[in-house]
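Chemist: For reference, this is run-v9.txt, and it has compact mmCIF, C-alpha atoms.
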# COMPACT_ATOMS: atom_id res chain seq x y z
CA MET A 1 -3.84 255.01 85.57
CA ILE A 2 -7.45 254.76 86.75
CA GLN A 3 -6.27 254.95 90.38
CA LYS A 4 -4.35 258.14 89.58
CA ILE A 5 -7.42 259.73 87.97
CA LEU A 6 -9.68 258.71 90.84
CA LEU A 7 -7.23 259.98 93.46
CA THR A 8 -6.85 263.29 91.65
CA ALA A 9 -10.64 263.66 91.37
CA MET A 10 -11.03 262.87 95.08
CA MET A 11 -8.42 265.47 96.06
CA CYS A 12 -10.11 268.07 93.89
CA MET A 13 -13.51 267.31 95.43
CA LEU A 14 -12.06 267.71 98.93
CA ALA A 15 -10.47 271.03 97.93
CA ILE A 16 -13.58 272.46 96.26
CA PRO A 17 -15.16 273.78 99.48
CA VAL A 18 -11.97 275.72 100.21
CA PHE A 19 -11.89 277.29 96.76
CA ALA A 20 -15.57 277.42 95.87
CA GLN A 21 -15.85 281.17 95.83
CA ASP A 22 -18.05 283.38 93.73
CA ALA A 23 -15.90 285.18 91.14
CA GLU A 24 -17.89 288.35 91.82
CA ASP A 25 -16.69 288.56 95.43
CA GLY A 26 -13.04 289.11 94.44
CA LYS A 27 -11.92 285.69 95.60
CA LEU A 28 -9.72 283.38 93.60
CA SER A 29 -10.44 279.73 92.93
CA LEU A 30 -8.57 276.54 92.33
CA GLY A 31 -7.01 276.90 88.88
CA ASP A 32 -6.48 280.67 89.11
CA PHE A 33 -3.11 282.38 88.94
CA PRO A 34 -1.88 283.27 92.46
CA PRO A 35 -0.46 286.62 93.54
CA GLU A 36 3.28 287.00 92.92
CA LEU A 37 5.54 286.84 95.98
CA ASN A 38 6.58 290.21 97.43
CA VAL A 39 9.16 288.94 99.91
CA ASP A 40 12.78 289.22 100.97
CA PHE A 41 14.62 285.93 100.59
CA VAL A 42 16.64 284.83 103.61
CA LYS A 43 17.77 281.37 102.50
CA ARG A 44 18.46 280.01 99.01
CA THR A 45 17.86 281.57 95.61
CA PRO A 46 14.97 284.03 95.17
CA VAL A 47 11.88 282.54 93.50
CA LYS A 48 9.50 284.24 91.10
CA LEU A 49 6.35 282.25 90.40
CA ILE A 50 6.31 283.31 86.76
CA ASP A 51 9.81 281.85 86.29
CA GLY A 52 8.55 278.43 87.35
CA VAL A 53 5.97 278.14 84.57
CA GLY A 54 6.78 275.12 82.44
CA THR A 55 9.59 273.90 84.68
CA LYS A 56 8.62 273.91 88.37
CA VAL A 57 5.96 272.95 90.86
CA ILE A 58 6.13 275.48 93.68
CA VAL A 59 4.79 275.12 97.21
CA VAL A 60 4.21 278.47 98.92
CA GLU A 61 3.91 277.86 102.66
CA PHE A 62 3.12 280.46 105.32
CA TRP A 63 4.61 279.78 108.75
CA ALA A 64 6.09 281.43 111.87
CA THR A 65 8.98 280.68 114.20
CA TRP A 66 6.65 280.63 117.24
CA CYS A 67 4.02 278.33 115.66
CA ALA A 68 4.17 274.75 116.99
CA PRO A 69 2.25 273.18 114.04
CA CYS A 70 4.57 275.08 111.68
CA LYS A 71 7.63 273.65 113.41
CA ILE A 72 6.14 270.16 113.12
CA SER A 73 5.70 270.59 109.35
CA ILE A 74 9.30 271.74 108.71
CA PRO A 75 10.89 268.24 108.66
CA HIS A 76 8.13 267.02 106.31
CA LEU A 77 8.66 269.93 103.90
CA THR A 78 12.44 269.44 104.07
CA GLU A 79 11.99 265.78 103.17
CA LEU A 80 9.71 266.66 100.25
CA GLN A 81 12.25 269.19 98.95
CA LYS A 82 15.03 266.59 99.16
CA LYS A 83 12.92 263.89 97.54
CA TYR A 84 11.44 265.94 94.67
CA GLY A 85 13.78 268.91 94.24
CA LYS A 86 15.69 267.24 91.43
CA ASP A 87 12.36 266.70 89.64
CA GLY A 88 11.37 270.38 89.73
CA LEU A 89 9.86 271.00 93.17
CA VAL A 90 10.60 274.30 94.92
CA ILE A 91 9.27 274.94 98.43
CA VAL A 92 9.17 278.51 99.71
CA GLY A 93 8.45 279.03 103.41
CA ILE A 94 7.26 282.60 104.10
CA SER A 95 7.13 284.18 107.56
CA ASP A 96 5.74 287.63 108.36
CA GLU A 97 8.27 288.06 111.17
CA SER A 98 11.44 290.15 111.02
CA ILE A 99 14.44 289.02 109.01
CA GLN A 100 16.43 288.92 112.27
CA ASP A 101 13.94 286.61 114.01
CA VAL A 102 13.79 284.27 111.04
CA GLN A 103 17.57 284.24 110.66
CA LEU A 104 18.02 283.39 114.35
CA PHE A 105 15.55 280.53 113.95
CA LEU A 106 17.38 279.27 110.85
CA ASP A 107 20.71 279.45 112.69
CA ARG A 108 19.27 277.30 115.48
CA ILE A 109 17.58 274.73 113.24
CA GLY A 110 20.47 274.48 110.74
CA SER A 111 19.88 272.07 107.88
CA GLY A 112 16.60 271.00 109.49
CA MET A 113 14.83 273.58 107.32
CA ASP A 114 16.40 272.81 103.97
CA TYR A 115 14.28 274.75 101.49
CA THR A 116 13.83 278.37 100.39
CA VAL A 117 12.88 280.74 103.22
CA ALA A 118 11.60 284.29 102.86
CA VAL A 119 10.21 287.12 104.94
CA ASP A 120 6.99 288.84 103.92
CA ARG A 121 7.33 292.60 103.41
CA GLY A 122 4.79 293.99 105.86
CA GLY A 123 2.54 290.97 105.52
CA ASP A 124 1.50 291.95 101.97
CA THR A 125 1.97 288.54 100.36
CA LYS A 126 0.22 286.64 103.15
CA LYS A 127 -2.68 289.11 103.12
CA ARG A 128 -3.11 288.80 99.35
CA TYR A 129 -3.11 284.98 99.49
CA TYR A 130 -5.31 284.70 102.55
CA ASP A 131 -7.81 287.32 101.36
CA ALA A 132 -7.91 285.90 97.83
CA PHE A 133 -8.45 282.33 98.97
CA GLY A 134 -10.52 283.03 102.08
CA VAL A 135 -8.29 281.14 104.51
CA GLU A 136 -7.02 281.81 108.02
CA GLY A 137 -4.35 280.42 110.33
CA ILE A 138 -0.90 278.98 109.85
CA PRO A 139 0.60 276.88 108.55
CA GLN A 140 -1.00 277.07 105.12
CA ALA A 141 0.41 275.68 101.89
CA PHE A 142 -0.48 276.59 98.31
CA VAL A 143 0.70 274.35 95.49
CA ILE A 144 1.37 276.13 92.20
CA ASP A 145 1.39 273.79 89.21
CA VAL A 146 3.66 273.79 86.16
CA ASN A 147 1.18 276.13 84.40
CA GLY A 148 1.49 278.71 87.19
CA ARG A 149 -1.97 278.07 88.65
CA VAL A 150 -3.02 277.11 92.17
CA ALA A 151 -3.63 273.37 92.15
CA TRP A 152 -4.16 272.75 95.87
CA GLN A 153 -4.32 274.53 99.23
CA GLY A 154 -4.24 273.12 102.72
CA HIS A 155 -2.16 272.13 105.71
CA PRO A 156 1.44 271.27 104.77
CA ASN A 157 1.27 268.03 106.77
CA SER A 158 -1.77 266.84 104.85
CA PRO A 159 -1.31 263.40 103.28
CA PHE A 160 -2.57 264.93 100.02
CA LEU A 161 0.38 267.33 99.70
CA GLU A 162 2.96 264.76 98.63
CA ARG A 163 0.51 262.99 96.35
CA ILE A 164 -0.51 266.17 94.52
CA ILE A 165 3.16 267.17 94.19
CA SER A 166 4.11 263.81 92.67
CA ILE A 167 1.18 263.97 90.23
CA LEU A 168 1.95 267.55 89.18
CA LEU A 169 5.65 266.84 88.69
CA GLU A 170 4.67 264.30 86.04
CA ASP A 171 3.49 267.26 83.90
CA ILE A 172 7.01 268.70 83.65
CA PRO A 173 8.49 267.55 80.35
CA ASP A 174 11.87 265.85 80.43
CA VAL A 175 14.53 267.61 78.40
CA GLU A 176 15.10 264.41 76.40
CA GLU A 177 11.39 264.21 75.53
CA LYS A 178 11.10 267.71 74.07
CA PRO A 179 10.72 267.54 70.29
CA THR A 180 13.33 269.25 68.18
CA ASP A 181 12.68 271.40 65.15
CA ASP A 182 13.76 268.48 62.95
CA GLU A 183 10.96 266.20 64.16
As structure tokens, please, write out the structure in this file.

Modeler:
Amino acid sequence: MIQKILLTAMMCMLAIPVFAQDAEDGKLSLGDFPPELNVDFVKRTPVKLIDGVGTKVIVVEFWATWCAPCKISIPHLTELQKKYGKDGLVIVGISDESIQDVQLFLDRIGSGMDYTVAVDRGGDTKKRYYDAFGVEGIPQAFVIDVNGRVAWQGHPNSPFLERIISILLEDIPDVEEKPTDDE
């Protein structure tokens, strides 16, 4: 238990410089509610962040078909989705390219990208996230916790991503553990 607390504290300290923004400058910080997704879904069921509150941990990842580091992160994200999907993890990969370009890429890669994929409508969602959190470049991942707040941001191949996901998934109550009205 102490190791878990220390690891979580360490991850938060490493993330603070990314999110340490003055509230007066219009930036968001770790623990704030993220912008909703304004995207067209190309693969899997559409995701609304608000619908995940209380039941899901959601990773919002920005990527592109032409981006070599993005392509390198796809197998890792696919593995995380397979490993933790049954526990409440949903990964959404968002590209600002055309639906046709993304669909061609998905057709080529097949099951190699086995998580939700969407296309950003005119770059609006990416712009809102990047402006709000003061980040640049792709790939970028934002982890939304069970309370609907941003818990972490960084590179999707970071060793912290899986650890933060596993910790956050522990906050999702099991159906069997929910108290009934009789208790």

Chemist: Could you work out how far atom CA of A:Val146 lies from atom CA of A:Gly54, giving the answer in Å with one decimal?

Modeler: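 So the two atoms, atom CA of A:Gly54 and atom CA of A:Val146, lie 5.0 Å apart.
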
Chemist: Got a sec: who's within 8 Å of A:Ile91, counting all atoms listed in the file, leaving out chain neighbours fewer than 4 positions off, as a PyMOL selection string?

Modeler: chain A and resi 58-61+77+81+115-116

Chemist: In the coordinates of the file, take the point (8.2, 269.0, 84.6) and a cut-off of 12 Å; then, counting only C-alpha atoms, name each qualifying protein, DNA or RNA residue as a VMD selection string.

Modeler: chain A and resid 52 to 58 84 to 90 145 to 147 165 to 178

Chemist: Can you measure atom CA of A:Asp40 to atom CA of A:Arg121 for me? One decimal in Å is fine.

Modeler: 6.9 Å

Chemist: Which residue out of A:Leu30, A:Lys127, A:Gly154, A:Ala64 has the minimum interatomic distance to A:Leu106 when all atoms listed in the file are used?

Modeler: A:Ala64

Chemist: Between A:Phe41, A:Phe142, A:Phe133, A:Trp66, single out the one closest to A:Asp101, counting only C-alpha atoms.

Modeler: A:Trp66

Chemist: Can you measure atom CA of A:Pro159 to atom CA of A:His76 for me? One decimal in Å is fine.

Modeler: 10.6 Å

Chemist: Would you please work out which residue, of A:Phe160, A:Asp51, A:Arg44, A:Thr65, is nearest to A:Gly148 when using all atoms listed in the file?

Modeler: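 So, comparing all the options, the nearest one is A:Asp51.
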
Chemist: I'd like the neighbourhood of stretch 110-112 of chain A as a ChimeraX atom specification, where a residue qualifies if any of its atoms comes within 10 Å (using all atoms listed in the file), though same-chain residues fewer than 5 positions away should be ignored.

Modeler: /A:74-79,104-105

Chemist: Counting all atoms listed in the file, figure out which residue out of A:Ile50, A:Ser73, A:Gln140, A:Asn38 gets nearest to A:Asp120.

Modeler: A:Asn38

Chemist: For A:Val150, please output as a compact mmCIF listing (two decimals) with C-alpha atoms, in the coordinates of the input all residues within 9 Å (counting all atoms listed in the file; exclusion window: fewer than 5 positions along the same chain).

Modeler:
# COMPACT_ATOMS: atom_id res chain seq x y z
CA SER A 29 -10.44 279.73 92.93
CA LEU A 30 -8.57 276.54 92.33
CA GLY A 31 -7.01 276.90 88.88
CA ASP A 32 -6.48 280.67 89.11
CA PHE A 33 -3.11 282.38 88.94
CA PRO A 34 -1.88 283.27 92.46
CA PHE A 142 -0.48 276.59 98.31
CA VAL A 143 0.70 274.35 95.49
CA ILE A 144 1.37 276.13 92.20
CA ASP A 145 1.39 273.79 89.21
